[in-house]
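Participant: Sharing final.cif below, mmCIF, C-alpha atoms:
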```
data_start
loop_
_atom_site.group_PDB
_atom_site.id
_atom_site.type_symbol
_atom_site.label_atom_id
_atom_site.label_comp_id
_atom_site.auth_asym_id
_atom_site.auth_seq_id
_atom_site.Cartn_x
_atom_site.Cartn_y
_atom_site.Cartn_z
ATOM 1 C CA GLY I 24 21.211 -1.369 -28.582
ATOM 2 C CA ALA I 25 24.650 0.250 -28.674
ATOM 3 C CA PRO I 26 26.077 1.373 -25.301
ATOM 4 C CA GLY I 27 26.155 4.969 -26.583
ATOM 5 C CA LEU I 28 22.458 4.962 -27.520
ATOM 6 C CA ALA I 29 21.262 6.766 -24.407
ATOM 7 C CA LEU I 30 23.742 9.570 -24.940
ATOM 8 C CA ALA I 31 23.496 9.792 -28.710
ATOM 9 C CA ASP I 32 19.702 9.723 -28.843
ATOM 10 C CA PRO I 33 17.933 10.410 -25.548
ATOM 11 C CA GLY I 34 14.608 10.434 -27.413
ATOM 12 C CA ARG I 35 14.993 6.789 -28.419
ATOM 13 C CA TRP I 36 16.154 5.830 -24.938
ATOM 14 C CA LEU I 37 13.138 7.571 -23.387
ATOM 15 C CA THR I 38 10.756 5.821 -25.785
ATOM 16 C CA ALA I 39 12.272 2.486 -24.737
ATOM 17 C CA ILE I 40 11.243 3.056 -21.098
ATOM 18 C CA ASP I 41 7.738 4.332 -21.845
ATOM 19 C CA GLY I 42 5.305 1.848 -20.292
ATOM 20 C CA ILE I 43 7.846 0.047 -18.094
ATOM 21 C CA ALA I 44 6.223 -1.192 -14.865
ATOM 22 C CA PHE I 45 7.106 0.836 -11.789
ATOM 23 C CA GLY I 46 6.808 -0.189 -8.145
ATOM 24 C CA ASP I 47 4.714 -3.095 -6.926
ATOM 25 C CA ASP I 48 4.246 -6.482 -8.491
ATOM 26 C CA PRO I 49 0.445 -6.773 -8.963
ATOM 27 C CA ALA I 50 0.629 -10.432 -7.873
ATOM 28 C CA ASP I 51 1.470 -9.137 -4.395
ATOM 29 C CA GLY I 52 -1.149 -6.428 -4.458
ATOM 30 C CA VAL I 53 -0.575 -2.743 -5.039
ATOM 31 C CA VAL I 54 -0.430 0.281 -2.762
ATOM 32 C CA ARG I 55 -2.172 3.479 -3.831
ATOM 33 C CA GLY I 56 -1.539 6.061 -1.133
ATOM 34 C CA ARG I 57 -3.242 4.577 1.939
ATOM 35 C CA ARG I 58 -5.175 1.973 -0.078
ATOM 36 C CA TYR I 59 -4.092 -1.612 -0.661
ATOM 37 C CA LEU I 60 -5.659 -3.647 -3.465
ATOM 38 C CA ASN I 61 -4.897 -7.261 -4.294
ATOM 39 C CA SER I 62 -6.255 -8.559 -7.604
ATOM 40 C CA ALA I 63 -5.357 -12.213 -6.912
ATOM 41 C CA LEU I 64 -7.068 -12.303 -3.491
ATOM 42 C CA ARG I 65 -9.715 -9.804 -4.674
ATOM 43 C CA ILE I 66 -9.576 -7.715 -1.513
ATOM 44 C CA ALA I 67 -8.927 -4.090 -0.617
ATOM 45 C CA PHE I 68 -8.518 -2.023 2.536
ATOM 46 C CA THR I 69 -7.396 1.462 3.565
ATOM 47 C CA ALA I 70 -4.823 2.259 6.262
ATOM 48 C CA PRO I 71 -5.737 4.834 8.945
ATOM 49 C CA GLU I 72 -5.143 8.557 8.336
ATOM 50 C CA GLY I 73 -1.457 9.481 8.456
ATOM 51 C CA PHE I 74 -0.148 5.983 7.635
ATOM 52 C CA GLU I 75 2.239 5.103 4.836
ATOM 53 C CA LEU I 76 1.863 1.625 3.370
ATOM 54 C CA GLU I 77 4.364 -0.620 1.686
ATOM 55 C CA ALA I 78 3.608 -3.940 0.001
ATOM 56 C CA ALA I 79 6.274 -6.588 0.609
ATOM 57 C CA ARG I 80 6.243 -10.094 -0.864
ATOM 58 C CA GLU I 81 4.279 -11.846 1.870
ATOM 59 C CA MET I 82 2.726 -8.925 3.720
ATOM 60 C CA VAL I 83 1.757 -5.280 3.803
ATOM 61 C CA VAL I 84 3.307 -3.051 6.447
ATOM 62 C CA GLY I 85 2.495 0.500 7.409
ATOM 63 C CA VAL I 86 3.835 3.103 9.806
ATOM 64 C CA GLY I 87 1.971 6.080 11.226
ATOM 65 C CA GLY I 88 2.260 8.754 13.893
ATOM 66 C CA ASP I 89 6.006 9.230 13.244
ATOM 67 C CA GLY I 90 6.716 5.624 14.100
ATOM 68 C CA ALA I 91 4.427 5.516 17.141
ATOM 69 C CA GLN I 92 1.960 3.218 15.339
ATOM 70 C CA ALA I 93 2.518 0.231 13.083
ATOM 71 C CA LEU I 94 0.200 -1.860 10.917
ATOM 72 C CA ARG I 95 0.836 -5.307 9.482
ATOM 73 C CA PHE I 96 -1.396 -7.334 7.185
ATOM 74 C CA ASP I 97 -0.867 -10.865 5.926
ATOM 75 C CA SER I 98 -2.748 -14.117 5.422
ATOM 76 C CA VAL I 99 -2.397 -17.662 6.733
ATOM 77 C CA ALA I 100 -4.239 -20.973 6.395
ATOM 78 C CA LEU I 101 -6.228 -22.315 9.355
ATOM 79 C CA LYS I 102 -5.280 -25.794 10.502
ATOM 80 C CA PRO I 103 -8.056 -28.379 10.013
ATOM 81 C CA GLY I 104 -10.530 -28.186 12.901
ATOM 82 C CA GLN I 105 -9.100 -24.890 14.189
ATOM 83 C CA THR I 106 -11.646 -22.167 14.861
ATOM 84 C CA LEU I 107 -11.055 -18.508 14.137
ATOM 85 C CA GLU I 108 -11.669 -17.639 17.810
ATOM 86 C CA SER I 109 -9.149 -20.174 19.142
ATOM 87 C CA TYR I 110 -6.629 -18.993 16.546
ATOM 88 C CA VAL I 111 -6.983 -15.338 17.594
ATOM 89 C CA ALA I 112 -6.946 -16.229 21.308
ATOM 90 C CA SER I 113 -3.578 -17.925 20.759
ATOM 91 C CA GLY I 114 -2.292 -14.416 20.017
ATOM 92 C CA TRP I 115 0.090 -15.437 17.204
ATOM 93 C CA ILE I 116 2.622 -12.800 18.359
ATOM 94 C CA ASP I 117 5.359 -13.817 20.793
ATOM 95 C CA GLY I 118 5.311 -11.989 24.099
ATOM 96 C CA VAL I 119 1.857 -10.489 23.651
ATOM 97 C CA THR I 120 -0.911 -11.304 26.113
ATOM 98 C CA THR I 121 -4.330 -11.210 24.484
ATOM 99 C CA GLY I 122 -7.647 -10.152 25.992
ATOM 100 C CA THR I 123 -11.178 -11.365 25.343
ATOM 101 C CA VAL I 124 -11.930 -12.448 21.786
ATOM 102 C CA GLU I 125 -14.966 -10.847 20.183
ATOM 103 C CA SER I 126 -16.721 -12.341 17.134
ATOM 104 C CA VAL I 127 -17.726 -9.793 14.495
ATOM 105 C CA THR I 128 -18.496 -9.596 10.772
ATOM 106 C CA VAL I 129 -16.138 -7.705 8.473
ATOM 107 C CA GLY I 130 -17.031 -7.118 4.833
ATOM 108 C CA GLY I 131 -19.647 -9.863 5.105
ATOM 109 C CA LEU I 132 -17.105 -12.413 6.387
ATOM 110 C CA PRO I 133 -16.749 -13.963 9.872
ATOM 111 C CA ALA I 134 -14.034 -12.257 11.895
ATOM 112 C CA ALA I 135 -12.579 -12.201 15.397
ATOM 113 C CA VAL I 136 -10.884 -9.295 17.156
ATOM 114 C CA THR I 137 -8.987 -8.946 20.409
ATOM 115 C CA THR I 138 -6.635 -6.630 22.278
ATOM 116 C CA GLY I 139 -3.044 -7.361 23.175
ATOM 117 C CA LYS I 140 -0.412 -5.960 25.473
ATOM 118 C CA GLY I 141 3.357 -6.138 25.141
ATOM 119 C CA THR I 142 6.042 -4.379 27.161
ATOM 120 C CA ASP I 143 5.879 -0.993 25.408
ATOM 121 C CA TRP I 144 3.128 -1.500 22.864
ATOM 122 C CA ARG I 145 -0.635 -1.959 22.871
ATOM 123 C CA PHE I 146 -2.170 -4.093 20.137
ATOM 124 C CA ARG I 147 -5.381 -4.722 18.293
ATOM 125 C CA LEU I 148 -5.494 -8.048 16.471
ATOM 126 C CA ALA I 149 -8.106 -8.979 13.909
ATOM 127 C CA ALA I 150 -8.558 -12.071 11.766
ATOM 128 C CA ILE I 151 -11.041 -12.368 8.907
ATOM 129 C CA GLN I 152 -11.946 -15.779 7.521
ATOM 130 C CA ALA I 153 -12.498 -16.438 3.806
ATOM 131 C CA GLY I 154 -12.744 -20.200 3.346
ATOM 132 C CA SER I 155 -9.596 -21.780 4.750
ATOM 133 C CA ARG I 156 -7.675 -18.511 4.383
ATOM 134 C CA VAL I 157 -7.396 -16.066 7.240
ATOM 135 C CA TYR I 158 -6.522 -12.410 6.707
ATOM 136 C CA ARG I 159 -4.645 -11.040 9.730
ATOM 137 C CA PHE I 160 -4.309 -7.443 10.820
ATOM 138 C CA ILE I 161 -2.086 -6.245 13.640
ATOM 139 C CA LEU I 162 -2.254 -2.609 14.676
ATOM 140 C CA ALA I 163 0.244 -1.617 17.346
ATOM 141 C CA ALA I 164 0.614 1.670 19.193
ATOM 142 C CA LYS I 165 3.393 2.775 21.537
ATOM 143 C CA GLY I 166 2.690 3.719 25.124
ATOM 144 C CA GLU I 167 -0.800 4.869 26.079
ATOM 145 C CA THR I 168 -2.247 5.306 22.587
ATOM 146 C CA ASP I 169 -5.114 2.899 21.991
ATOM 147 C CA PRO I 170 -5.022 1.516 18.433
ATOM 148 C CA GLU I 171 -8.735 0.634 18.633
ATOM 149 C CA ARG I 172 -9.971 3.544 16.490
ATOM 150 C CA GLY I 173 -7.399 2.877 13.788
ATOM 151 C CA MET I 174 -8.269 -0.807 13.668
ATOM 152 C CA ARG I 175 -11.975 -0.052 13.429
ATOM 153 C CA ALA I 176 -11.279 2.236 10.438
ATOM 154 C CA VAL I 177 -9.212 -0.488 8.730
ATOM 155 C CA LEU I 178 -11.873 -3.151 9.267
ATOM 156 C CA ASP I 179 -14.632 -0.788 8.091
ATOM 157 C CA SER I 180 -12.672 -0.259 4.880
ATOM 158 C CA PHE I 181 -11.969 -3.964 4.230
ATOM 159 C CA ARG I 182 -13.955 -5.281 1.283
ATOM 160 C CA SER I 183 -14.009 -7.771 -1.561
ATOM 161 C CA LEU I 184 -13.244 -6.508 -5.042
ATOM 162 C CA THR I 185 -15.621 -7.312 -7.888
ATOM 163 C CA PRO I 186 -14.048 -9.254 -10.787
ATOM 164 C CA ALA I 187 -14.043 -6.020 -12.830
ATOM 165 C CA GLU I 188 -12.291 -4.063 -10.058
ATOM 166 C CA ALA I 189 -9.746 -6.840 -9.581
ATOM 167 C CA GLN I 190 -9.027 -6.800 -13.301
ATOM 168 C CA SER I 191 -8.458 -3.049 -13.261
ATOM 169 C CA VAL I 192 -5.731 -3.278 -10.576
ATOM 170 C CA LYS I 193 -2.656 -2.616 -12.670
ATOM 171 C CA PRO I 194 0.911 -1.860 -11.666
ATOM 172 C CA MET I 195 2.108 1.713 -12.074
ATOM 173 C CA GLN I 196 3.932 2.479 -15.317
ATOM 174 C CA ILE I 197 6.435 5.080 -16.406
ATOM 175 C CA ARG I 198 4.881 7.297 -19.068
ATOM 176 C CA LEU I 199 6.362 10.090 -21.144
ATOM 177 C CA VAL I 200 4.549 13.395 -21.386
ATOM 178 C CA SER I 201 5.498 16.522 -23.313
ATOM 179 C CA ALA I 202 5.678 19.705 -21.288
ATOM 180 C CA ALA I 203 3.332 22.444 -22.478
ATOM 181 C CA GLU I 204 4.257 26.133 -22.510
ATOM 182 C CA GLY I 205 4.596 27.445 -18.936
ATOM 183 C CA GLU I 206 4.368 23.953 -17.396
ATOM 184 C CA THR I 207 6.196 23.445 -14.085
ATOM 185 C CA PRO I 208 7.435 20.378 -12.178
ATOM 186 C CA THR I 209 4.412 20.878 -9.882
ATOM 187 C CA SER I 210 1.858 20.837 -12.699
ATOM 188 C CA LEU I 211 3.370 17.741 -14.348
ATOM 189 C CA ALA I 212 3.705 15.971 -11.000
ATOM 190 C CA GLY I 213 -0.004 16.724 -10.495
ATOM 191 C CA ARG I 214 -0.721 14.030 -13.086
ATOM 192 C CA MET I 215 0.703 11.443 -10.675
ATOM 193 C CA ALA I 216 -2.165 11.800 -8.210
ATOM 194 C CA THR I 217 -2.018 8.109 -7.266
ATOM 195 C CA HIS I 218 1.375 8.603 -5.644
ATOM 196 C CA ASP I 219 2.139 9.812 -2.092
ATOM 197 C CA ARG I 220 4.833 12.416 -2.835
ATOM 198 C CA PRO I 221 4.408 13.070 -6.561
ATOM 199 C CA GLN I 222 6.622 16.147 -6.821
ATOM 200 C CA GLU I 223 9.654 14.550 -5.154
ATOM 201 C CA LEU I 224 9.254 11.438 -7.306
ATOM 202 C CA PHE I 225 8.949 13.570 -10.459
ATOM 203 C CA LEU I 226 12.179 15.463 -9.684
ATOM 204 C CA ILE I 227 14.084 12.221 -8.932
ATOM 205 C CA LEU I 228 12.778 10.414 -12.042
ATOM 206 C CA ASN I 229 13.808 13.273 -14.291
ATOM 207 C CA GLY I 230 16.997 14.261 -12.474
ATOM 208 C CA ILE I 231 15.971 17.893 -12.115
ATOM 209 C CA GLU I 232 15.940 20.490 -9.343
ATOM 210 C CA ARG I 233 12.763 21.777 -7.691
ATOM 211 C CA SER I 234 13.352 25.251 -9.180
ATOM 212 C CA ALA I 235 14.065 23.948 -12.698
ATOM 213 C CA ARG I 236 12.155 25.386 -15.645
ATOM 214 C CA LEU I 237 10.712 22.801 -17.985
ATOM 215 C CA ASN I 238 11.389 23.102 -21.714
ATOM 216 C CA PRO I 239 8.134 23.277 -23.717
ATOM 217 C CA GLY I 240 7.826 20.253 -25.979
ATOM 218 C CA GLN I 241 10.446 18.242 -24.091
ATOM 219 C CA ARG I 242 9.320 14.839 -22.829
ATOM 220 C CA TYR I 243 9.428 14.088 -19.112
ATOM 221 C CA LYS I 244 8.824 10.914 -17.154
ATOM 222 C CA ILE I 245 5.791 10.543 -14.898
ATOM 223 C CA VAL I 246 4.442 7.486 -13.078
ATOM 224 C CA THR I 247 0.820 6.604 -13.682
ATOM 225 C CA GLU I 248 -1.538 3.626 -13.960
#
```
Could you render the structure as structure tokens?

Facilitator:
Amino acid sequence: GAPGLALADPGRWLTAIDGIAFGDDPADGVVRGRRYLNSALRIAFTAPEGFELEAAREMVVGVGGDGAQALRFDSVALKPGQTLESYVASGWIDGVTTGTVESVTVGGLPAAVTTGKGTDWRFRLAAIQAGSRVYRFILAAKGETDPERGMRAVLDSFRSLTPAEAQSVKPMQIRLVSAAEGETPTSLAGRMATHDRPQELFLILNGIERSARLNPGQRYKIVTE
């Protein structure tokens, strides 16, 4: 379109962005608040209370307790003949001494968990085996905090997605909605329930102030599935 299109006809420009994908690439899995869902691997888990998750290309990372706790999730392939227990005992993190390895079952799959200690951090490590793939969780806590409870919550939440669930994992999209009479940024942002800070995102997307009054009938951008 012409360079002046956006200015000359904001309605047409808005229509052009309706339905554009926003945020994560579904191939890497998607984050919904504290939940992580991956349609390709067909798995899901939930981070502990107070954590914020972010899906990167090869991993998922999360921070909680104002930076005093950190979560990392990724997956690796076991070497031929390598057992899950020996893999976890090796620690896989430089400078971390691991404790006794315990064999458990997580989401119906064989798993191994252990503790770890670094200079300033305490760790819980868990590995879940699905065929030759191993899902790894690291939960680290600064100082005296024991990350055991958080790790237990994560492992309790870990599960396989059904084919139907995996198919329904879609990336977020930008949608256009018309403001009704008396509608506020808060009420429109309320339609973005899948997002962590919907109101802030709504204000940024639409370039408006928190105190702004919405014009009835005008279209605004929201992010939704």

Participant: With 10 Å as the threshold, what does the neighbourhood of (-9.9, -14.6, 21.1) contain in terms of residues, counting all atoms listed in the file? Coordinates are those of the file; answer as a PyMOL selection string.

Facilitator: chain I and resi 106-114+121-126+135-138+148-150

Participant: At a cut-off of 12 Å, can you tabulate as a Markdown table every residue of range 106-155 of chain I near range 87-98 of chain I together with its closest atom pair and the distance in Å to one decimal, using all atoms listed in the file and ordering rows by chain then number?

Facilitator:
```
| residue | atom | partner | partner_atom | distance |
| --- | --- | --- | --- | --- |
| I:Ile116 | CA | I:Arg95 | CA | 11.8 |
| I:Asp143 | CA | I:Ala91 | CA | 10.6 |
| I:Trp144 | CA | I:Gln92 | CA | 9.0 |
| I:Arg145 | CA | I:Gln92 | CA | 9.5 |
| I:Phe146 | CA | I:Ala93 | CA | 9.5 |
| I:Arg147 | CA | I:Leu94 | CA | 9.7 |
| I:Leu148 | CA | I:Arg95 | CA | 9.8 |
| I:Ala149 | CA | I:Phe96 | CA | 9.6 |
| I:Ala150 | CA | I:Ser98 | CA | 8.8 |
| I:Ile151 | CA | I:Ser98 | CA | 9.2 |
| I:Gln152 | CA | I:Ser98 | CA | 9.6 |
| I:Ala153 | CA | I:Ser98 | CA | 10.2 |
| I:Gly154 | CA | I:Ser98 | CA | 11.9 |
| I:Ser155 | CA | I:Ser98 | CA | 10.3 |
```

Participant: Check what the PyMOL selection byres ((chain I and resi 99) around 8) selects in the file above and give those residues as a ChimeraX atom specification.

Facilitator: /I:97-98,100-101,156-159

Participant: Write the selection just made, keeping C-alpha atoms, as a compact mmCIF listing (two decimals), in the coordinates of the input?

Facilitator:
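The file below, out-v3.txt, is the result:
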```
# COMPACT_ATOMS: atom_id res chain seq x y z
CA ASP I 97 -0.87 -10.86 5.93
CA SER I 98 -2.75 -14.12 5.42
CA ALA I 100 -4.24 -20.97 6.40
CA LEU I 101 -6.23 -22.32 9.36
CA ARG I 156 -7.68 -18.51 4.38
CA VAL I 157 -7.40 -16.07 7.24
CA TYR I 158 -6.52 -12.41 6.71
CA ARG I 159 -4.64 -11.04 9.73
```

Participant: Quick check, in Å to one decimal: how far apart do CA of Glu81 in chain I and CA of Arg172 in chain I lie?

Facilitator: 25.6 Å

Participant: Leaving out Thr209 in chain I and any residue of its chain fewer than 2 positions from it, which residues lie within 9 Å of it when counting all atoms listed in the file, given as a PyMOL selection string?

Facilitator: chain I and resi 206-207+211-213+221-222+225+233

Participant: Return as lines of an AutoDock Vina configuration file the centre and edge lengths, in Å with one decimal, of the box along x, y and z that encloses every atom of range 82-96 of chain I in the file, padded by 4 Å per side.

Facilitator:
```
center_x = 2.7
center_y = 0.2
center_z = 10.4
size_x = 16.1
size_y = 26.2
size_z = 21.4
```

Participant: Can you tell me, as a list in words, which residues sit within 6 Å of (9.2, 19.6, -18.3) in the file's frame, using only C-alpha atoms?

Facilitator: Ala202, Leu237, Asn238 and Tyr243 of chain I

Participant: Take the PyMOL selection byres ((chain I and resi 247) around 7), run it mentally on this structure, and tell me the resulting residues as a compact mmCIF listing (two decimals) with C-alpha atoms, in the coordinates of the input.

Facilitator:
```
# COMPACT_ATOMS: atom_id res chain seq x y z
CA MET I 195 2.11 1.71 -12.07
CA GLN I 196 3.93 2.48 -15.32
CA ILE I 197 6.44 5.08 -16.41
CA ARG I 198 4.88 7.30 -19.07
CA MET I 215 0.70 11.44 -10.68
CA ILE I 245 5.79 10.54 -14.90
CA VAL I 246 4.44 7.49 -13.08
CA GLU I 248 -1.54 3.63 -13.96
```

Participant: Point out the residue among I:Gly240, I:Gly73, I:Ser201, I:Val83 with the least atom-to-atom distance to Gly52 in chain I, counting only C-alpha atoms.

Facilitator: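 Of I:Gly240, I:Gly73, I:Ser201, I:Val83, the one nearest Gly52 in chain I is I:Val83, counting only C-alpha atoms.
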
Participant: Using all atoms listed in the file for the distances, tell me which of I:Arg65, I:Lys244, I:Lys193, I:Arg175 is nearest to Ile227 in chain I.

Facilitator: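 Counting all atoms listed in the file, the residue closest to Ile227 in chain I is I:Lys244.
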
Participant: As an exercise, work out the distance from CA of Gly130 in chain I to CA of Arg182 in chain I in Å and give it to one decimal place.

Facilitator: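 Straight-line distance from CA of Gly130 in chain I to CA of Arg182 in chain I works out to 5.0 Å.
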
Participant: Give as a list of chain:residue names the residues that the PyMOL selection byres ((chain I and resi 62) around 9) matches when applied to the coordinates above.

Facilitator: I:Pro49, I:Ala50, I:Asp51, I:Gly52, I:Val53, I:Leu60, I:Asn61, I:Ala63, I:Leu64, I:Arg65, I:Ile66, I:Ala67, I:Leu184, I:Pro186, I:Glu188, I:Ala189, I:Gln190, I:Ser191, I:Val192, I:Lys193

Participant: What is the distance between CA of Ser210 in chain I and CA of Thr69 in chain I, in Å to one decimal?

Facilitator: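 Answer for the CA of Ser210 in chain I to CA of Thr69 in chain I separation: 26.9 Å.
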
Participant: Counting all atoms listed in the file, which residue out of I:Thr142, I:Leu132, I:Thr185, I:Asp179 sits closest to Glu167 in chain I?

Facilitator: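 Of I:Thr142, I:Leu132, I:Thr185, I:Asp179, the one nearest Glu167 in chain I is I:Thr142, counting all atoms listed in the file.
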
Participant: Select, from I:Gly139, I:Pro239, I:Trp115, I:Val86, the residue with the minimum atom-to-atom distance to Glu171 in chain I, counting all atoms listed in the file.

Facilitator: I:Gly139

Participant: Identify, on the basis of all atoms listed in the file, every residue whose closest approach to Glu75 in chain I does not exceed 9 Å; exclude the query and any residue fewer than 4 positions from it along the same chain; express the result as a PyMOL selection string.

Facilitator: chain I and resi 56-57+70-71+84-87+219

Participant: Measuring between all atoms listed in the file, which one of I:Ser183, I:Ser234, I:Leu76, I:Val129 shows the shortest distance to Pro208 in chain I?

Facilitator: I:Ser234
